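Asker: Provided below: final_18.cif, containing mmCIF, C-alpha atoms.
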data_work
#
loop_
_atom_site.label_atom_id
_atom_site.label_comp_id
_atom_site.auth_asym_id
_atom_site.auth_seq_id
_atom_site.Cartn_x
_atom_site.Cartn_y
_atom_site.Cartn_z
CA MET A 191 84.95 88.90 -15.40
CA LYS A 192 84.47 90.43 -11.96
CA LYS A 193 81.16 91.78 -13.09
CA LEU A 194 80.01 88.24 -14.05
CA PHE A 195 80.52 86.96 -10.46
CA THR A 196 78.96 89.97 -8.74
CA GLN A 197 75.99 90.46 -11.03
CA ASN A 198 73.63 87.83 -9.34
CA LEU A 199 75.26 87.73 -5.94
CA GLY A 200 72.12 88.62 -4.08
CA TYR A 201 70.13 85.82 -5.63
CA ARG A 202 72.86 83.37 -4.88
CA LEU A 203 72.96 84.34 -1.22
CA ILE A 204 69.21 83.92 -0.94
CA ALA A 205 69.39 80.47 -2.56
CA LEU A 206 72.13 79.46 -0.17
CA VAL A 207 70.14 80.51 2.87
CA LEU A 208 67.06 78.62 1.65
CA ALA A 209 69.13 75.47 1.07
CA VAL A 210 70.54 75.65 4.61
CA LEU A 211 67.08 76.11 6.10
CA LEU A 212 65.66 73.21 4.08
CA PHE A 213 68.51 70.96 5.18
CA ALA A 214 67.96 71.90 8.81
CA TYR A 215 64.21 71.18 8.53
CA VAL A 216 64.68 67.73 7.00
CA LYS A 217 67.33 66.80 9.57
CA THR A 218 65.16 67.87 12.48
CA ASP A 219 62.08 65.97 11.14
CA HIS A 220 64.14 62.80 10.70
CA LEU A 221 65.48 62.98 14.25
CA THR A 222 61.96 63.50 15.62
CA ALA A 223 60.58 60.53 13.68
CA THR A 224 63.43 58.35 14.87
CA ARG A 225 62.86 59.29 18.48
CA THR A 226 59.09 58.68 18.16
CA SER A 227 59.60 55.33 16.49
CA GLY A 228 62.05 54.30 19.14
CA GLY A 229 59.61 55.30 21.86
CA ASP A 230 56.74 53.25 20.30
CA SER A 231 59.02 50.28 19.86
CA ASN A 232 60.05 50.44 23.46
CA GLN A 233 56.40 50.67 24.49
CA ASN A 234 55.47 47.66 22.34
CA ASN A 235 58.35 45.66 23.71
CA SER A 236 57.31 46.61 27.20
CA ALA A 237 53.72 45.51 26.50
CA LEU A 238 54.84 42.16 25.09
CA MET A 239 57.07 41.48 28.06
CA SER A 240 54.40 42.37 30.62
CA THR A 241 52.74 39.65 32.70
CA LYS A 242 49.27 38.42 31.77
CA THR A 243 46.84 35.97 33.39
CA THR A 244 43.85 34.40 31.66
CA THR A 245 41.49 31.44 32.18
CA ILE A 246 40.31 29.18 29.35
CA THR A 247 38.30 25.93 29.12
CA MET A 248 40.10 22.84 27.82
CA PRO A 249 38.89 19.30 26.97
CA VAL A 250 40.29 16.35 28.91
CA ASP A 251 41.98 13.44 27.13
CA LEU A 252 42.34 9.93 28.58
CA ASP A 253 45.62 8.07 28.45
CA VAL A 254 44.18 4.55 28.90
CA ASN A 255 43.71 1.28 27.03
CA THR A 256 40.26 2.07 25.61
CA SER A 257 39.94 -1.34 23.94
CA LYS A 258 39.99 -2.98 27.37
CA TYR A 259 38.63 -0.43 29.86
CA VAL A 260 35.88 2.18 30.15
CA VAL A 261 36.42 5.27 32.34
CA SER A 262 33.64 7.31 33.97
CA GLY A 263 33.33 10.01 36.63
CA TYR A 264 35.78 12.57 35.21
CA ARG A 265 34.95 15.98 33.77
CA GLU A 266 35.14 16.21 30.02
CA ASN A 267 36.17 19.88 30.26
CA VAL A 268 38.19 21.72 32.93
CA LYS A 269 39.25 25.34 33.49
CA VAL A 270 42.94 26.19 33.08
CA THR A 271 44.40 29.49 34.36
CA LEU A 272 47.57 30.54 32.50
CA SER A 273 50.11 33.11 33.80
CA GLY A 274 53.18 34.42 31.96
CA THR A 275 54.33 36.98 29.47
CA SER A 276 51.56 38.61 27.51
CA ALA A 277 52.91 37.32 24.20
CA LEU A 278 53.03 33.68 25.31
CA VAL A 279 49.68 33.73 27.08
CA THR A 280 47.99 35.37 24.09
CA THR A 281 49.50 32.79 21.74
CA LEU A 282 48.39 29.87 23.92
CA THR A 283 44.89 31.34 24.28
CA ASN A 284 44.52 31.61 20.50
CA THR A 285 46.16 28.33 19.45
CA ARG A 286 45.49 26.13 22.51
CA ASN A 287 48.35 23.90 21.42
CA PHE A 288 48.66 22.12 24.76
CA LYS A 289 46.76 19.21 26.32
CA VAL A 290 45.05 18.39 29.61
CA TYR A 291 44.87 14.64 30.33
CA LEU A 292 44.53 11.83 32.88
CA ASP A 293 47.37 9.31 32.94
CA LEU A 294 45.67 5.94 33.56
CA GLN A 295 48.03 3.55 31.83
CA ASP A 296 49.02 1.80 35.08
CA TYR A 297 45.47 1.52 36.47
CA LYS A 298 43.19 -1.52 36.45
CA ALA A 299 39.46 -1.90 37.07
CA GLY A 300 38.39 -0.05 40.22
CA LYS A 301 37.74 3.41 41.71
CA TYR A 302 40.51 6.01 42.04
CA THR A 303 41.25 9.68 42.69
CA VAL A 304 43.78 10.99 40.15
CA LYS A 305 45.30 14.36 39.26
CA TYR A 306 44.76 16.22 36.00
CA LYS A 307 48.00 16.80 34.13
CA VAL A 308 49.13 19.25 31.42
CA THR A 309 51.59 18.80 28.58
CA GLY A 310 52.77 21.25 25.91
CA LEU A 311 53.38 24.30 28.16
CA GLY A 312 56.84 25.86 28.44
CA LYS A 313 58.70 26.59 31.67
CA ASP A 314 57.85 30.28 31.38
CA ILE A 315 54.12 29.58 31.77
CA LYS A 316 52.49 28.86 35.10
CA TYR A 317 49.13 27.10 35.19
CA LYS A 318 46.38 25.99 37.55
CA ILE A 319 43.64 23.45 36.78
CA ASP A 320 40.17 23.65 38.27
CA PRO A 321 39.34 21.07 39.56
CA GLU A 322 42.77 19.61 40.27
CA LEU A 323 41.57 16.04 41.02
CA ALA A 324 39.14 13.61 39.39
CA LYS A 325 37.26 10.78 41.10
CA ILE A 326 37.03 8.10 38.44
CA SER A 327 35.75 4.57 37.99
CA ILE A 328 37.49 2.14 35.65
CA ALA A 329 35.51 -0.89 34.43
CA ARG A 330 36.07 -3.61 31.91
CA ARG A 331 34.73 -2.84 28.46
CA ARG A 332 31.83 -4.85 26.96
CA THR A 333 29.94 -4.67 23.66
CA LYS A 334 26.46 -6.05 22.88
CA ASN A 335 23.99 -5.72 19.99
CA PHE A 336 20.37 -4.63 20.54
CA GLU A 337 17.34 -4.50 18.25
CA ILE A 338 16.05 -0.97 17.67
CA ARG A 339 12.50 -0.16 18.78
CA TYR A 340 10.63 2.81 17.37
CA ARG A 341 8.33 5.12 19.31
CA TYR A 342 5.89 7.55 17.68
CA ASP A 343 2.39 8.97 18.25
CA THR A 344 -0.15 7.51 15.80
CA ASN A 345 -2.75 10.06 16.90
CA MET A 346 -0.81 12.86 15.20
CA ILE A 347 -1.85 11.79 11.68
CA LYS A 348 -4.99 13.26 10.16
CA GLU A 349 -8.31 11.46 10.58
CA GLY A 350 -8.98 9.10 7.71
CA TYR A 351 -5.32 8.11 7.33
CA THR A 352 -3.33 5.16 8.66
CA MET A 353 0.37 4.46 9.28
CA GLY A 354 2.25 1.48 7.85
CA ASN A 355 5.32 -0.41 9.05
CA VAL A 356 8.52 1.47 9.89
CA LYS A 357 11.42 1.27 7.43
CA SER A 358 14.88 2.06 8.82
CA SER A 359 18.46 2.29 7.57
CA THR A 360 19.43 -0.33 10.16
CA THR A 361 17.59 -2.61 12.57
CA GLU A 362 20.36 -3.23 15.13
CA VAL A 363 22.64 -1.03 17.21
CA GLN A 364 25.92 -1.82 18.99
CA ALA A 365 26.17 -0.67 22.62
CA THR A 366 29.60 -0.33 24.25
CA GLY A 367 30.27 0.41 27.91
CA SER A 368 31.02 -1.16 31.23
CA ALA A 369 29.68 -4.66 31.82
CA THR A 370 27.41 -3.29 34.56
CA ASP A 371 25.87 -0.64 32.30
CA ILE A 372 25.37 -3.08 29.44
CA GLU A 373 23.43 -5.40 31.77
CA ARG A 374 21.19 -2.49 32.77
CA ILE A 375 20.00 -1.88 29.20
CA SER A 376 16.41 -3.00 28.67
CA GLN A 377 15.92 -1.58 25.17
CA VAL A 378 17.33 0.83 22.61
CA VAL A 379 14.68 3.19 21.22
CA ALA A 380 14.40 5.69 18.39
CA ASP A 381 11.85 8.46 19.00
CA VAL A 382 10.28 9.58 15.70
CA ASN A 383 8.63 13.01 15.61
CA VAL A 384 5.28 12.91 13.77
CA PRO A 385 3.93 16.36 12.80
CA SER A 386 0.30 17.18 13.59
CA ASN A 387 -2.33 16.30 10.92
CA THR A 388 0.17 14.38 8.81
CA THR A 389 -1.19 13.08 5.49
CA GLY A 390 2.02 12.01 3.73
CA ASP A 391 4.93 9.65 4.33
CA ILE A 392 7.21 10.53 7.26
CA SER A 393 11.00 10.72 6.79
CA ALA A 394 13.16 11.66 9.78
CA ARG A 395 16.55 11.25 11.45
CA ALA A 396 15.98 9.66 14.86
CA VAL A 397 18.52 9.73 17.72
CA LEU A 398 19.01 6.41 19.54
CA GLN A 399 18.85 6.05 23.33
CA ALA A 400 19.65 3.11 25.59
CA LEU A 401 17.07 2.79 28.40
CA ASP A 402 16.78 0.64 31.51
CA VAL A 403 13.57 -1.02 32.75
CA ASN A 404 12.46 2.27 34.37
CA GLY A 405 12.98 4.31 31.21
CA ASN A 406 16.17 5.99 32.46
CA ILE A 407 19.00 6.66 30.00
CA VAL A 408 22.01 4.34 30.36
CA ASN A 409 25.38 6.03 29.74
CA VAL A 410 26.88 3.87 26.98
CA VAL A 411 28.29 4.48 23.50
CA LEU A 412 25.86 3.54 20.69
CA THR A 413 26.98 2.75 17.14
CA PRO A 414 25.33 4.21 15.13
CA GLN A 415 24.06 7.09 17.26
CA SER A 416 21.10 7.82 14.96
CA VAL A 417 19.15 6.20 12.10
CA ASN A 418 17.12 7.32 9.08
CA VAL A 419 13.46 6.33 9.48
CA THR A 420 10.57 6.25 6.96
CA ILE A 421 6.92 5.57 7.88
CA PRO A 422 4.34 5.27 5.05
CA VAL A 423 1.01 7.08 5.57
CA THR A 424 -1.98 6.09 3.41
CA LYS A 425 -5.61 7.18 3.17
CA VAL A 426 -8.29 4.81 4.46
CA ALA A 427 -11.10 3.76 2.04
CA SER A 428 -14.41 5.66 2.57
CA LYS A 429 -16.91 3.85 4.85
CA ALA A 430 -19.92 5.44 3.10
CA LYS A 431 -19.06 3.80 -0.23
CA SER A 432 -18.59 0.48 1.49
CA SER A 433 -22.00 0.74 3.21
CA ALA A 434 -23.72 1.71 -0.05
CA SER A 435 -22.17 -1.26 -1.81
CA THR A 436 -23.33 -3.59 0.97
CA SER A 437 -26.88 -2.15 0.87
CA SER A 438 -27.08 -2.55 -2.92
CA SER A 439 -25.96 -6.15 -2.65
CA SER A 440 -28.61 -6.87 0.01
CA SER A 441 -31.37 -5.29 -2.11
CA SER A 442 -30.33 -7.36 -5.10
CA LYS A 443 -30.50 -10.53 -3.05
CA SER A 444 -33.95 -9.57 -1.69
CA SER A 445 -35.36 -8.88 -5.16
CA SER A 446 -34.03 -12.19 -6.37
CA GLY A 447 -35.71 -13.93 -3.45
CA GLU A 448 -39.08 -12.27 -4.18
CA SER A 449 -38.90 -13.19 -7.85
CA SER A 450 -38.23 -16.79 -6.96
CA SER A 451 -41.16 -16.76 -4.54
CA ASP A 452 -43.52 -15.31 -7.16
CA ALA A 453 -42.41 -17.88 -9.70
CA SER A 454 -42.97 -20.64 -7.15
CA SER A 455 -46.46 -19.32 -6.37
CA ALA A 456 -47.32 -19.17 -10.04
CA THR A 457 -46.12 -22.72 -10.44
CA ASP A 458 -48.21 -23.86 -7.50
CA GLU A 459 -51.34 -22.12 -8.86
CA SER A 460 -50.77 -23.66 -12.26
CA ALA A 461 -50.40 -27.06 -10.70
CA GLN A 462 -53.52 -26.51 -8.59
CA SER A 463 -55.51 -25.44 -11.66
CA ASP A 464 -54.39 -28.49 -13.61
CA SER A 465 -55.29 -30.66 -10.66
CA ASN A 466 -58.77 -29.18 -10.42
CA ALA A 467 -59.28 -29.52 -14.13
CA SER A 468 -58.21 -33.13 -13.98
CA THR A 469 -60.57 -33.79 -11.06
CA ASN A 470 -63.54 -32.12 -12.81
CA SER A 471 -62.83 -34.01 -15.98
CA SER A 472 -62.70 -37.25 -14.07
CA ALA A 473 -65.98 -36.51 -12.32
CA GLN A 474 -67.68 -35.63 -15.58
CA THR A 475 -66.51 -38.85 -17.14
CA THR A 476 -67.88 -40.81 -14.22
CA SER A 477 -71.25 -39.02 -14.47
CA ASP A 478 -71.47 -39.65 -18.17
CA SER A 479 -70.68 -43.27 -17.59
CA ALA A 480 -73.38 -43.51 -14.98
CA THR A 481 -75.95 -41.86 -17.30
CA SER A 482 -75.01 -44.13 -20.11
CA ASP A 483 -75.41 -47.10 -17.87
CA SER A 484 -78.74 -45.86 -16.69
CA THR A 485 -79.91 -45.36 -20.22
CA SER A 486 -78.62 -48.69 -21.20
CA THR A 487 -80.42 -50.26 -18.32
CA SER A 488 -83.55 -48.49 -19.23
CA ASP A 489 -83.23 -49.76 -22.74
CA ALA A 490 -82.93 -53.26 -21.50
CA SER A 491 -86.28 -53.06 -19.51
CA GLY A 492 -88.27 -52.29 -22.70
CA ASN A 493 -88.67 -48.55 -22.28
CA THR A 494 -89.54 -47.19 -25.71
CA ASP A 495 -88.27 -43.66 -24.83
CA THR A 496 -84.56 -43.19 -25.39
CA GLN A 497 -82.89 -40.40 -23.39
CA VAL A 498 -80.05 -38.86 -25.08
CA ASN A 499 -77.82 -36.75 -22.87
#
If you took the structure in this file and wrote it as structure tokens, what would it be?
Answerer:
Amino acid sequence: MKKLFTQNLGYRLIALVLAVLLFAYVKTDHLTATRTSGGDSNQNNSALMSTKTTTITMPVDLDVNTSKYVVSGYRENVKVTLSGTSALVTTLTNTRNFKVYLDLQDYKAGKYTVKYKVTGLGKDIKYKIDPELAKISIARRRTKNFEIRYRYDTNMIKEGYTMGNVKSSTTEVQATGSATDIERISQVVADVNVPSNTTGDISARAVLQALDVNGNIVNVVLTPQSVNVTIPVTKVASKAKSSASTSSSSSSKSSSGESSSDASSATDESAQSDSNASTNSSAQTTSDSATSDSTSTSDASGNTDTQVN
């Protein structure tokens, strides 16, 4: 029995030593990984809690009764500088879930200097708006309809072609703005681009513009802002064929006139011939009558010779 326990003692000691070494290695590696992970976590937490400053561009909203008033003079976009923890600033930069606005609910028509405001930012975020103030003008809203006029260059089509009447998706536009700006509008135009050497119908989307008497753009809201335009282009009939047709017609009329003239001449000659024949016949009859009378007279005087004509 003693021999059974001592027979493989050496191998057992070696196995025991290897097991202890393996256990020590695994324990040491685990402790190192834990320490490293804890260090990275602390670094990440430190980075997230650090202070960050960034500047972004934000649109400006108007808190005003838009059905009654029109506001002008403010910037549509302003710069906002945000300062705070890196995590919050990064989130706000990516989502932009806050608003810059002008509070004009208590204002009437007139000119004012007001301050840009911000909503949606927490107390842990500091901000600065550039510019801080806006010089605005508030005017009463007015709407008026205008007929659309179309402008295009007819010289751009190819020679031998002509342009027809413009066909559009709508003929009127609604202009909305301050009463002063609406009164300034002289016309609303749609500029149609005609490609060079055009030979086919033109189809385009034309942007509308409100212009004053000097051709300057009036800042109003147009509804619609653009229209679909179609201009037919057709080929002009050839002038050479038309001239040939006219010449042929003239020649035909001339030949007809000559034929009529010849027929008239022939008729006149025939009439003249008949007239001459009638005259000669008449003269011959008179001569014969005279001869007969002479003969008869001679016969009455006792002349024994009888002249027979």
Asker: At what distance in Å, to one decimal, does atom CA of Thr333 of chain A lie from atom CA of Val254 of chain A?
Answerer: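 Spanning atom CA of Val254 of chain A to atom CA of Thr333 of chain A is a straight-line distance of 17.8 Å.
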Asker: Name the residues in contact with Thr245 of chain A at a cut-off of 9 Å, using only C-alpha atoms, excluding same-chain residues fewer than 2 positions from it; report them as a list of chain:residue names.
Answerer: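 That gives A:Thr243, A:Thr247, A:Lys269, A:Val270, A:Thr271, A:Leu272, A:Ser273, A:Thr283.
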Asker: Output the selection as a PDB file, keeping the file's coordinate frame - C-alpha atoms for each residue.
Answerer:
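Result saved to again_8.pdb:
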ATOM      1  CA  THR A 243      46.840  35.970  33.390  1.00  0.00           C
ATOM      2  CA  THR A 247      38.300  25.930  29.120  1.00  0.00           C
ATOM      3  CA  LYS A 269      39.250  25.340  33.490  1.00  0.00           C
ATOM      4  CA  VAL A 270      42.940  26.190  33.080  1.00  0.00           C
ATOM      5  CA  THR A 271      44.400  29.490  34.360  1.00  0.00           C
ATOM      6  CA  LEU A 272      47.570  30.540  32.500  1.00  0.00           C
ATOM      7  CA  SER A 273      50.110  33.110  33.800  1.00  0.00           C
ATOM      8  CA  THR A 283      44.890  31.340  24.280  1.00  0.00           C
TER       9      THR A 283
END
Asker: For Arg395 of chain A, which residue out of A:Tyr340, A:Asn409, A:Ala205, A:Ser240 is the nearest one, using all atoms listed in the file?
Answerer: A:Tyr340
Asker: Run the PyMOL selection byres ((chain A and resi 292-294) around 7) mentally over the shown coordinates, then write out the matched residues as a list in words, using the chain letters and numbers from the document.
Answerer: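 This file gives the following for the PyMOL selection byres ((chain A and resi 292-294) around 7): Asp251, Leu252, Asp253, Val254, Tyr291, Gln295, Asp296, Tyr297, Lys305, Tyr306 and Lys307 of chain A.
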Asker: With C-alpha atoms retained, write the just-selected residues as an mmCIF file, in the frame of the given file.
Answerer:
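After the write, result_8.cif holds the following:
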data_model
loop_
_atom_site.group_PDB
_atom_site.id
_atom_site.type_symbol
_atom_site.label_atom_id
_atom_site.label_comp_id
_atom_site.auth_asym_id
_atom_site.auth_seq_id
_atom_site.Cartn_x
_atom_site.Cartn_y
_atom_site.Cartn_z
ATOM 1 C CA ASP A 251 41.980 13.440 27.130
ATOM 2 C CA LEU A 252 42.340 9.930 28.580
ATOM 3 C CA ASP A 253 45.620 8.070 28.450
ATOM 4 C CA VAL A 254 44.180 4.550 28.900
ATOM 5 C CA TYR A 291 44.870 14.640 30.330
ATOM 6 C CA GLN A 295 48.030 3.550 31.830
ATOM 7 C CA ASP A 296 49.020 1.800 35.080
ATOM 8 C CA TYR A 297 45.470 1.520 36.470
ATOM 9 C CA LYS A 305 45.300 14.360 39.260
ATOM 10 C CA TYR A 306 44.760 16.220 36.000
ATOM 11 C CA LYS A 307 48.000 16.800 34.130
#
Asker: Between A:Gln377, A:Thr360, A:Asn418, A:Thr388, which one has atoms that come closest to Asn404 of chain A, using all atoms listed in the file?
Answerer: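 For Asn404 of chain A, the nearest of the candidates is A:Gln377.
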Asker: (40.8, 20.6, 30.0) in this file's frame - what residues fall within 6 Å of it? Use only C-alpha atoms and give the answer as JSON, numbers by chain.
Answerer: {"A": [247, 248, 249, 250, 267, 268, 290]}
Asker: Just write the chosen residues, C-alpha atoms, as a CSV table (one decimal), in the frame of the given file.
Answerer:
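Writing done, so here's part.csv:
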chain,number,residue,atom,x,y,z
A,247,THR,CA,38.3,25.9,29.1
A,248,MET,CA,40.1,22.8,27.8
A,249,PRO,CA,38.9,19.3,27.0
A,250,VAL,CA,40.3,16.4,28.9
A,267,ASN,CA,36.2,19.9,30.3
A,268,VAL,CA,38.2,21.7,32.9
A,290,VAL,CA,45.0,18.4,29.6
Asker: My list of candidates is A:Asp320, A:Ile326, A:Tyr264, A:Ile246. Which is closest to Thr285 of chain A when distances are computed with all atoms listed in the file?
Answerer: A:Ile246
Asker: So, counting all atoms listed in the file, which residue among A:Ile347, A:Ile421, A:Ala329, A:Ile315 is closest to Ala277 of chain A?
Answerer: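 Smallest distance to Ala277 of chain A is found for A:Ile315.
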Asker: Calculate how many Å separate atom CA of Asn284 of chain A from atom CA of Glu266 of chain A, rounding to one decimal.
Answerer: 20.4 Å
Asker: Set the distance at 12 Å and use only C-alpha atoms: which residues neighbour Asn406 of chain A once local chain neighbours fewer than 2 positions away are removed? I'd like the list as a PyMOL selection string.
Answerer: chain A and resi 371+374-379+399-404+408-409
Asker: Nearest to Val423 of chain A: which of A:Ile372, A:Met353, A:Gly310, A:Val397 is it, counting only C-alpha atoms?
Answerer: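 Closest residue, counting only C-alpha atoms: A:Met353.
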Asker: Just give me the gap between atom CA of Thr303 of chain A and atom CA of Val411 of chain A in Å, one decimal is fine.
Answerer: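 Interatomic distance here is 23.7 Å.
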Asker: Name the residues in contact with Arg332 of chain A at a cut-off of 8 Å, using only C-alpha atoms, excluding same-chain residues fewer than 3 positions from it; report them as a CSV table (one decimal) with C-alpha atoms, in the coordinates of the input.
Answerer:
chain,number,residue,atom,x,y,z
A,366,THR,CA,29.6,-0.3,24.2
A,367,GLY,CA,30.3,0.4,27.9
A,368,SER,CA,31.0,-1.2,31.2
A,369,ALA,CA,29.7,-4.7,31.8
A,372,ILE,CA,25.4,-3.1,29.4
